[in-house]
Amino acid sequence: MKKTALIIQHFLLPAEMKVLEENFRVIRLWKERDPEATIQENKKNIVAVVSSLLPVSTTLIEALPNLEIIANMAVGVDNIPMDVARARGIAVTNTPDVLTDDTANVGLSLVLALARRIVEGDMYVRVGKWQNGPLPLGVSLTGKKAGIAGLGRIGKAVAKRLEAFDMDVVYHGRSKQEDQPYEYYEDLVEMAKAVDFLVLCCAGGPETENLVNYKVLEALGPKGFLVNIARGSVVNEEDLLIILRNQGIAGAGLDVFAAEPHVPEALLTMDNVVLLPHIGSATFETRTEMGQLVVRNLLAHFDGEPLLTPYQ
């Protein structure tokens with residue numbers, strides 16, 4: 001008899017879903033007319049939960065007495081109450097490394113889009129404004145300083161790309177990394193004062209919630225740009241809206257938001273803001289690798305083999 005896996009949201013591609021269905025009895029929660037009733041009916045049988053960005057709540061975990069593993073299709077696990085999972089002895093896996101390059105490329109794209117007014121320029125042509133005069137000037141990346149908050153896998157990949165554009169890279173994190181060539185700032189506000197672009201690559205969760213607040217944004221200043229490819233929770237959105245309205249920073253490029261897919265309405269009308277629908281890992285190649293890693297972790301667990309990417 002197949003073991004039962006609960007998938008919270010639709011994100012696995014068909015090939016990976018097929019493999020999952022060949023090995024498990026799969027419950028697609030988003031297709032159930034009454035999700036709560038479905039969980040209650042199957043709570044004793046569900047031994048695996050497959051998640052991505054939607055929360056795996058404490059309530060859900062407590063409702064599943066035989067849950068053994070949560071396979072998260074993301075690098076971060078801020079959508080999972082890790083203390084609850086650890087207390088229950090539930091294994092948690094994630095999908096590191098495979099999405100590093102694509103996510104870093106989105107970070108670079110946002111830097112370029114802001115500096116060279118790419119999105120604004122596209123609209124400028126489409127609505128016929130070019131006939132009335134040239135687009136206002138952008139800024140060059142050459143010689144500018146970029147501060148990376150969170151120099152992990154993705155942060156390092158972003159740094160490498162920015163260096164290729166002759167930018168000076170510095171970073172902020174929990175501690176200095178002695179093997180890195182970049183200047184380290186212990187204080188984020190001080191780094192914000194020193195840079196032209198503040199690029200957020202850090203993990204989400206309670207430790208970084210509202211890390212970027214009004215004080216940090218004010219330090220970034222009216223010529224500085226904010227780029228967020230981390231988590232929406234890292235930025236205090238109310239503070240960001242205030243600083244943008246008052247032209248306290250030059251602009252923002254955002255791939256993530258605090259209450260996705262909800263985006264603050266005020267951002268939609270600002271021409272110095274580039275908005276993306278959380279597409280950091282959204283390529284066919286990367287989502288395929290992420291899905292394969294999710295499935296392989298599940299198979300390894302129930303075959304009694306070591307997990308490929310356990311979250312520590």
# chains A, B, ... in the order shown; residues from 1 in each chain; ligands from 1
call {"tool": "select_by_dssp", "arguments": {"residues": "region 40-94 of chain A", "states": "strand (DSSP E or B)", "output": "PDB file with N, CA and C atoms, in the first residue's frame"}}
result
ATOM      1  N   ILE A  46      -1.385  10.473   6.449  1.00  0.00           N
ATOM      2  CA  ILE A  46      -0.427  11.405   5.849  1.00  0.00           C
ATOM      3  C   ILE A  46       0.907  11.329   6.590  1.00  0.00           C
ATOM      4  N   VAL A  47       1.942  10.922   5.862  1.00  0.00           N
ATOM      5  CA  VAL A  47       3.268  10.791   6.468  1.00  0.00           C
ATOM      6  C   VAL A  47       4.264  11.788   5.884  1.00  0.00           C
ATOM      7  N   ALA A  48       3.846  12.472   4.807  1.00  0.00           N
ATOM      8  CA  ALA A  48       4.738  13.445   4.170  1.00  0.00           C
ATOM      9  C   ALA A  48       3.940  14.664   3.738  1.00  0.00           C
ATOM     10  N   VAL A  49       4.552  15.834   3.899  1.00  0.00           N
ATOM     11  CA  VAL A  49       3.968  17.082   3.416  1.00  0.00           C
ATOM     12  C   VAL A  49       4.964  17.705   2.443  1.00  0.00           C
ATOM     13  N   VAL A  50       4.460  18.111   1.284  1.00  0.00           N
ATOM     14  CA  VAL A  50       5.281  18.784   0.289  1.00  0.00           C
ATOM     15  C   VAL A  50       4.814  20.228   0.215  1.00  0.00           C
ATOM     16  N   SER A  51       5.737  21.157   0.406  1.00  0.00           N
ATOM     17  CA  SER A  51       5.372  22.569   0.486  1.00  0.00           C
ATOM     18  C   SER A  51       6.314  23.398  -0.371  1.00  0.00           C
ATOM     19  N   ILE A  69       8.008  13.652   7.485  1.00  0.00           N
ATOM     20  CA  ILE A  69       8.907  14.514   6.725  1.00  0.00           C
ATOM     21  C   ILE A  69       8.142  15.644   6.053  1.00  0.00           C
ATOM     22  N   ILE A  70       8.770  16.820   6.016  1.00  0.00           N
ATOM     23  CA  ILE A  70       8.269  17.971   5.257  1.00  0.00           C
ATOM     24  C   ILE A  70       9.328  18.289   4.215  1.00  0.00           C
ATOM     25  N   ALA A  71       8.985  18.154   2.946  1.00  0.00           N
ATOM     26  CA  ALA A  71       9.910  18.460   1.850  1.00  0.00           C
ATOM     27  C   ALA A  71       9.538  19.816   1.282  1.00  0.00           C
ATOM     28  N   ASN A  72      10.416  20.795   1.488  1.00  0.00           N
ATOM     29  CA  ASN A  72      10.122  22.175   1.101  1.00  0.00           C
ATOM     30  C   ASN A  72      10.828  22.516  -0.205  1.00  0.00           C
ATOM     31  N   ALA A  91      11.554  15.218   9.940  1.00  0.00           N
ATOM     32  CA  ALA A  91      12.634  15.644   9.049  1.00  0.00           C
ATOM     33  C   ALA A  91      12.148  16.779   8.158  1.00  0.00           C
ATOM     34  N   VAL A  92      13.040  17.724   7.878  1.00  0.00           N
ATOM     35  CA  VAL A  92      12.725  18.836   6.972  1.00  0.00           C
ATOM     36  C   VAL A  92      13.832  18.917   5.930  1.00  0.00           C
ATOM     37  N   THR A  93      13.434  18.971   4.662  1.00  0.00           N
ATOM     38  CA  THR A  93      14.416  19.132   3.588  1.00  0.00           C
ATOM     39  C   THR A  93      14.091  20.396   2.796  1.00  0.00           C
TER      40      THR A  93
END
call {"tool": "residues_around", "arguments": {"residues": "Ile8 (chain A)", "least_positions_apart": "2", "cutoff": "10 Å", "atoms": "only C-alpha atoms", "output": "short mmCIF file (atom, residue, chain, number, x, y, z; two decimals) with N, CA and C atoms, in the first residue's frame"}}
result
data_model
loop_
_atom_site.label_atom_id
_atom_site.label_comp_id
_atom_site.auth_asym_id
_atom_site.auth_seq_id
_atom_site.Cartn_x
_atom_site.Cartn_y
_atom_site.Cartn_z
N ALA A 5 1.08 11.27 0.71
CA ALA A 5 1.78 12.56 0.73
C ALA A 5 0.78 13.67 0.45
N LEU A 6 0.84 14.71 1.26
CA LEU A 6 -0.03 15.87 1.11
C LEU A 6 0.74 17.00 0.45
N HIS A 10 0.17 24.02 -5.82
CA HIS A 10 0.57 23.54 -7.14
C HIS A 10 1.88 24.19 -7.55
N PHE A 11 2.95 23.40 -7.60
CA PHE A 11 4.25 23.94 -8.02
C PHE A 11 5.11 22.88 -8.69
N ILE A 27 -2.35 13.60 -2.24
CA ILE A 27 -3.50 14.48 -2.01
C ILE A 27 -3.11 15.89 -2.43
N ARG A 28 -3.80 16.41 -3.44
CA ARG A 28 -3.57 17.79 -3.88
C ARG A 28 -4.52 18.70 -3.11
N LEU A 29 -4.01 19.35 -2.07
CA LEU A 29 -4.88 20.09 -1.18
C LEU A 29 -5.59 21.24 -1.89
N TRP A 30 -4.94 21.88 -2.86
CA TRP A 30 -5.56 23.03 -3.54
C TRP A 30 -6.73 22.63 -4.42
N LYS A 31 -6.87 21.34 -4.70
CA LYS A 31 -7.98 20.87 -5.53
C LYS A 31 -9.17 20.39 -4.70
N PRO A 35 -10.69 21.57 2.11
CA PRO A 35 -9.35 21.15 2.52
C PRO A 35 -9.28 20.66 3.97
N VAL A 49 4.55 15.83 3.90
CA VAL A 49 3.97 17.08 3.42
C VAL A 49 4.96 17.70 2.44
N VAL A 50 4.46 18.11 1.28
CA VAL A 50 5.28 18.78 0.29
C VAL A 50 4.81 20.23 0.22
N SER A 51 5.74 21.16 0.41
CA SER A 51 5.37 22.57 0.49
C SER A 51 6.31 23.40 -0.37
N SER A 52 6.00 24.67 -0.48
CA SER A 52 6.87 25.61 -1.16
C SER A 52 6.91 26.89 -0.35
N LEU A 53 6.08 27.89 -0.71
CA LEU A 53 6.09 29.16 0.00
C LEU A 53 4.93 29.31 0.98
N LEU A 54 3.84 28.58 0.75
CA LEU A 54 2.71 28.68 1.67
C LEU A 54 3.08 28.09 3.03
N PRO A 55 2.54 28.64 4.10
CA PRO A 55 2.90 28.16 5.43
C PRO A 55 2.50 26.71 5.69
N VAL A 56 3.40 25.98 6.33
CA VAL A 56 3.06 24.69 6.92
C VAL A 56 2.84 25.01 8.40
#
call {"tool": "closest_atom_pairs", "arguments": {"of": "region 181-254 of chain A", "to": "region 259-278 of chain A", "cutoff": "6 Å", "atoms": "only C-alpha atoms", "output": "CSV"}}
result
residue,atom,partner,partner_atom,distance
A:Gly251,CA,A:Asn272,CA,4.9
A:Ala252,CA,A:Val273,CA,4.9
A:Gly253,CA,A:Val274,CA,4.6
A:Leu254,CA,A:Leu275,CA,5.2
call {"tool": "residues_around", "arguments": {"residues": "Phe165 (chain A)", "least_positions_apart": "5", "cutoff": "10 Å", "atoms": "only C-alpha atoms", "output": "CSV table (one decimal) with C-alpha atoms, in the first residue's frame"}}
result
chain,number,residue,atom,x,y,z
A,108,LEU,CA,21.2,41.4,-11.4
A,112,LEU,CA,20.1,46.8,-14.3
A,140,SER,CA,25.9,53.9,-14.8
A,141,LEU,CA,26.9,50.8,-12.7
A,142,THR,CA,30.6,51.3,-13.4
A,143,GLY,CA,32.3,52.4,-10.2
A,144,LYS,CA,29.1,52.2,-8.1
A,160,LYS,CA,30.2,37.8,-8.8
call {"tool": "residues_around", "arguments": {"residues": "Leu188 (chain A)", "least_positions_apart": "4", "cutoff": "8 Å", "atoms": "only C-alpha atoms", "output": "JSON, numbers by chain"}}
result
{"A": [149, 172, 192, 216]}
call {"tool": "select_by_dssp", "arguments": {"residues": "region 98-299 of chain A", "states": "helix (DSSP H, G or I)", "output": "number ranges by chain"}}
result
A: 100-115, 118-126, 129-132, 153-163, 188-194, 206-208, 214-220, 232-234, 237-245, 265-269, 284-299
call {"tool": "write_last_selection", "arguments": {"atoms": "C-alpha atoms", "output": "tab-separated table (two decimals), in the first residue's frame"}}
result
chain	number	residue	atom	x	y	z
A	100	THR	CA	21.28	29.96	-6.91
A	101	ASP	CA	22.14	31.09	-10.43
A	102	ASP	CA	18.63	31.91	-11.60
A	103	THR	CA	17.82	33.83	-8.43
A	104	ALA	CA	21.08	35.76	-8.64
A	105	ASN	CA	20.29	36.58	-12.27
A	106	VAL	CA	16.97	38.10	-11.19
A	107	GLY	CA	18.84	40.20	-8.64
A	108	LEU	CA	21.18	41.45	-11.36
A	109	SER	CA	18.21	42.08	-13.66
A	110	LEU	CA	16.59	44.30	-11.04
A	111	VAL	CA	19.82	46.25	-10.53
A	112	LEU	CA	20.06	46.83	-14.28
A	113	ALA	CA	16.38	47.63	-14.66
A	114	LEU	CA	16.58	50.28	-11.95
A	115	ALA	CA	19.86	51.84	-13.05
A	118	ILE	CA	14.51	49.45	-18.47
A	119	VAL	CA	10.89	48.89	-17.48
A	120	GLU	CA	10.13	52.60	-17.53
A	121	GLY	CA	11.79	52.87	-20.94
A	122	ASP	CA	9.72	50.05	-22.38
A	123	MET	CA	6.51	51.78	-21.32
A	124	TYR	CA	7.88	55.12	-22.54
A	125	VAL	CA	8.08	53.69	-26.05
A	126	ARG	CA	4.77	51.81	-25.91
A	129	LYS	CA	6.19	59.42	-25.06
A	130	TRP	CA	9.45	59.04	-27.00
A	131	GLN	CA	8.01	61.22	-29.75
A	132	ASN	CA	7.88	64.09	-27.25
A	153	ARG	CA	25.16	31.08	-1.82
A	154	ILE	CA	22.88	33.53	-3.61
A	155	GLY	CA	24.62	36.59	-2.17
A	156	LYS	CA	27.99	35.37	-3.42
A	157	ALA	CA	26.52	34.67	-6.87
A	158	VAL	CA	25.07	38.19	-6.98
A	159	ALA	CA	28.42	39.65	-5.92
A	160	LYS	CA	30.19	37.81	-8.75
A	161	ARG	CA	27.73	39.22	-11.29
A	162	LEU	CA	27.97	42.77	-9.99
A	163	GLU	CA	31.75	42.65	-10.06
A	188	LEU	CA	23.62	47.51	8.24
A	189	VAL	CA	22.86	51.21	8.62
A	190	GLU	CA	26.52	52.07	8.14
A	191	MET	CA	26.67	49.90	5.04
A	192	ALA	CA	23.52	51.53	3.65
A	193	LYS	CA	25.17	54.93	4.04
A	194	ALA	CA	28.16	53.75	2.03
A	206	PRO	CA	12.01	36.08	12.76
A	207	GLU	CA	15.73	36.96	12.82
A	208	THR	CA	15.49	39.18	9.73
A	214	TYR	CA	13.09	53.45	7.86
A	215	LYS	CA	16.48	54.03	9.48
A	216	VAL	CA	18.24	51.78	6.97
A	217	LEU	CA	16.35	53.24	4.01
A	218	GLU	CA	17.04	56.79	5.16
A	219	ALA	CA	20.74	55.90	5.35
A	220	LEU	CA	20.60	54.56	1.78
A	232	GLY	CA	9.17	40.20	1.74
A	233	SER	CA	9.33	40.04	5.53
A	234	VAL	CA	12.88	41.43	5.47
A	237	GLU	CA	6.80	47.80	3.66
A	238	GLU	CA	5.16	50.73	5.43
A	239	ASP	CA	8.56	52.34	5.92
A	240	LEU	CA	9.45	51.62	2.30
A	241	LEU	CA	6.26	53.29	1.05
A	242	ILE	CA	6.93	56.38	3.16
A	243	ILE	CA	10.52	56.70	1.97
A	244	LEU	CA	9.51	56.20	-1.69
A	245	ARG	CA	6.69	58.76	-1.48
A	265	GLU	CA	-1.47	49.29	-4.07
A	266	ALA	CA	0.68	52.40	-3.69
A	267	LEU	CA	3.64	50.59	-5.28
A	268	LEU	CA	1.66	49.97	-8.46
A	269	THR	CA	1.60	53.66	-9.35
A	284	PHE	CA	11.79	25.46	-16.38
A	285	GLU	CA	15.28	24.13	-15.73
A	286	THR	CA	15.51	25.25	-12.13
A	287	ARG	CA	11.97	24.28	-11.15
A	288	THR	CA	12.62	20.86	-12.67
A	289	GLU	CA	15.76	20.40	-10.56
A	290	MET	CA	13.98	21.65	-7.45
A	291	GLY	CA	11.09	19.24	-8.01
A	292	GLN	CA	13.44	16.33	-8.62
A	293	LEU	CA	15.26	17.12	-5.39
A	294	VAL	CA	11.97	17.20	-3.46
A	295	VAL	CA	10.98	13.78	-4.82
A	296	ARG	CA	14.42	12.26	-4.27
A	297	ASN	CA	14.43	13.41	-0.64
A	298	LEU	CA	11.04	11.80	-0.07
A	299	LEU	CA	12.11	8.53	-1.70
call {"tool": "atom_distance", "arguments": {"atom1": "CA of Glu68 (chain A)", "atom2": "CA of Ile90 (chain A)"}}
result
5.0 Å
call {"tool": "atom_distance", "arguments": {"atom1": "CA of Asn42 (chain A)", "atom2": "CA of Leu20 (chain A)"}}
result
17.8 Å
call {"tool": "atom_distance", "arguments": {"atom1": "CA of Gly133 (chain A)", "atom2": "CA of Gly248 (chain A)"}}
result
26.8 Å
call {"tool": "residues_around", "arguments": {"residues": "Leu200 (chain A)", "least_positions_apart": "5", "cutoff": "7 Å", "atoms": "only C-alpha atoms", "output": "PyMOL selection string"}}
result
chain A and resi 148-150+227-230
call {"tool": "decode", "arguments": {"residues": "region 66-93 of chain A", "atoms": "N, CA and C atoms", "output": "compact mmCIF listing (two decimals), in the first residue's frame"}}
result
# COMPACT_ATOMS: atom_id res chain seq x y z
N ASN A 66 1.16 11.12 12.37
CA ASN A 66 2.16 10.22 11.81
C ASN A 66 3.06 10.89 10.78
N LEU A 67 3.07 12.22 10.77
CA LEU A 67 3.89 12.95 9.83
C LEU A 67 5.37 12.70 10.11
N GLU A 68 6.12 12.32 9.07
CA GLU A 68 7.54 12.00 9.22
C GLU A 68 8.47 13.01 8.56
N ILE A 69 8.01 13.65 7.48
CA ILE A 69 8.91 14.51 6.73
C ILE A 69 8.14 15.64 6.05
N ILE A 70 8.77 16.82 6.02
CA ILE A 70 8.27 17.97 5.26
C ILE A 70 9.33 18.29 4.22
N ALA A 71 8.98 18.15 2.95
CA ALA A 71 9.91 18.46 1.85
C ALA A 71 9.54 19.82 1.28
N ASN A 72 10.42 20.80 1.49
CA ASN A 72 10.12 22.17 1.10
C ASN A 72 10.83 22.52 -0.20
N MET A 73 10.05 22.95 -1.20
CA MET A 73 10.61 23.29 -2.50
C MET A 73 11.03 24.76 -2.50
N ALA A 74 12.07 25.05 -1.75
CA ALA A 74 12.62 26.39 -1.59
C ALA A 74 13.91 26.26 -0.80
N VAL A 75 14.72 27.31 -0.81
CA VAL A 75 15.92 27.31 0.03
C VAL A 75 15.53 27.62 1.47
N GLY A 76 14.75 28.69 1.65
CA GLY A 76 14.33 29.08 2.98
C GLY A 76 13.26 28.16 3.54
N VAL A 77 13.21 28.09 4.85
CA VAL A 77 12.17 27.30 5.53
C VAL A 77 11.41 28.18 6.52
N ASP A 78 11.34 29.49 6.24
CA ASP A 78 10.64 30.39 7.13
C ASP A 78 9.13 30.17 7.11
N ASN A 79 8.65 29.33 6.19
CA ASN A 79 7.23 28.98 6.15
C ASN A 79 6.92 27.77 7.02
N ILE A 80 7.93 27.25 7.69
CA ILE A 80 7.77 26.04 8.51
C ILE A 80 8.17 26.36 9.95
N PRO A 81 7.35 26.00 10.95
CA PRO A 81 7.76 26.20 12.35
C PRO A 81 8.80 25.13 12.73
N MET A 82 10.07 25.47 12.56
CA MET A 82 11.12 24.48 12.74
C MET A 82 11.20 23.94 14.16
N ASP A 83 10.87 24.78 15.14
CA ASP A 83 10.91 24.30 16.52
C ASP A 83 9.88 23.20 16.74
N VAL A 84 8.73 23.35 16.11
CA VAL A 84 7.67 22.34 16.24
C VAL A 84 8.09 21.06 15.53
N ALA A 85 8.65 21.21 14.33
CA ALA A 85 9.09 20.04 13.57
C ALA A 85 10.18 19.29 14.33
N ARG A 86 11.15 20.02 14.87
CA ARG A 86 12.25 19.37 15.60
C ARG A 86 11.73 18.65 16.85
N ALA A 87 10.80 19.29 17.54
CA ALA A 87 10.25 18.70 18.76
C ALA A 87 9.54 17.38 18.45
N ARG A 88 8.96 17.29 17.28
CA ARG A 88 8.25 16.08 16.87
C ARG A 88 9.19 15.08 16.19
N GLY A 89 10.43 15.47 15.92
CA GLY A 89 11.33 14.57 15.22
C GLY A 89 11.01 14.45 13.74
N ILE A 90 10.37 15.48 13.18
CA ILE A 90 9.99 15.47 11.77
C ILE A 90 11.16 15.99 10.94
N ALA A 91 11.55 15.22 9.94
CA ALA A 91 12.63 15.64 9.05
C ALA A 91 12.15 16.78 8.16
N VAL A 92 13.04 17.72 7.88
CA VAL A 92 12.73 18.84 6.97
C VAL A 92 13.83 18.92 5.93
N THR A 93 13.43 18.97 4.66
CA THR A 93 14.42 19.13 3.59
C THR A 93 14.09 20.40 2.80
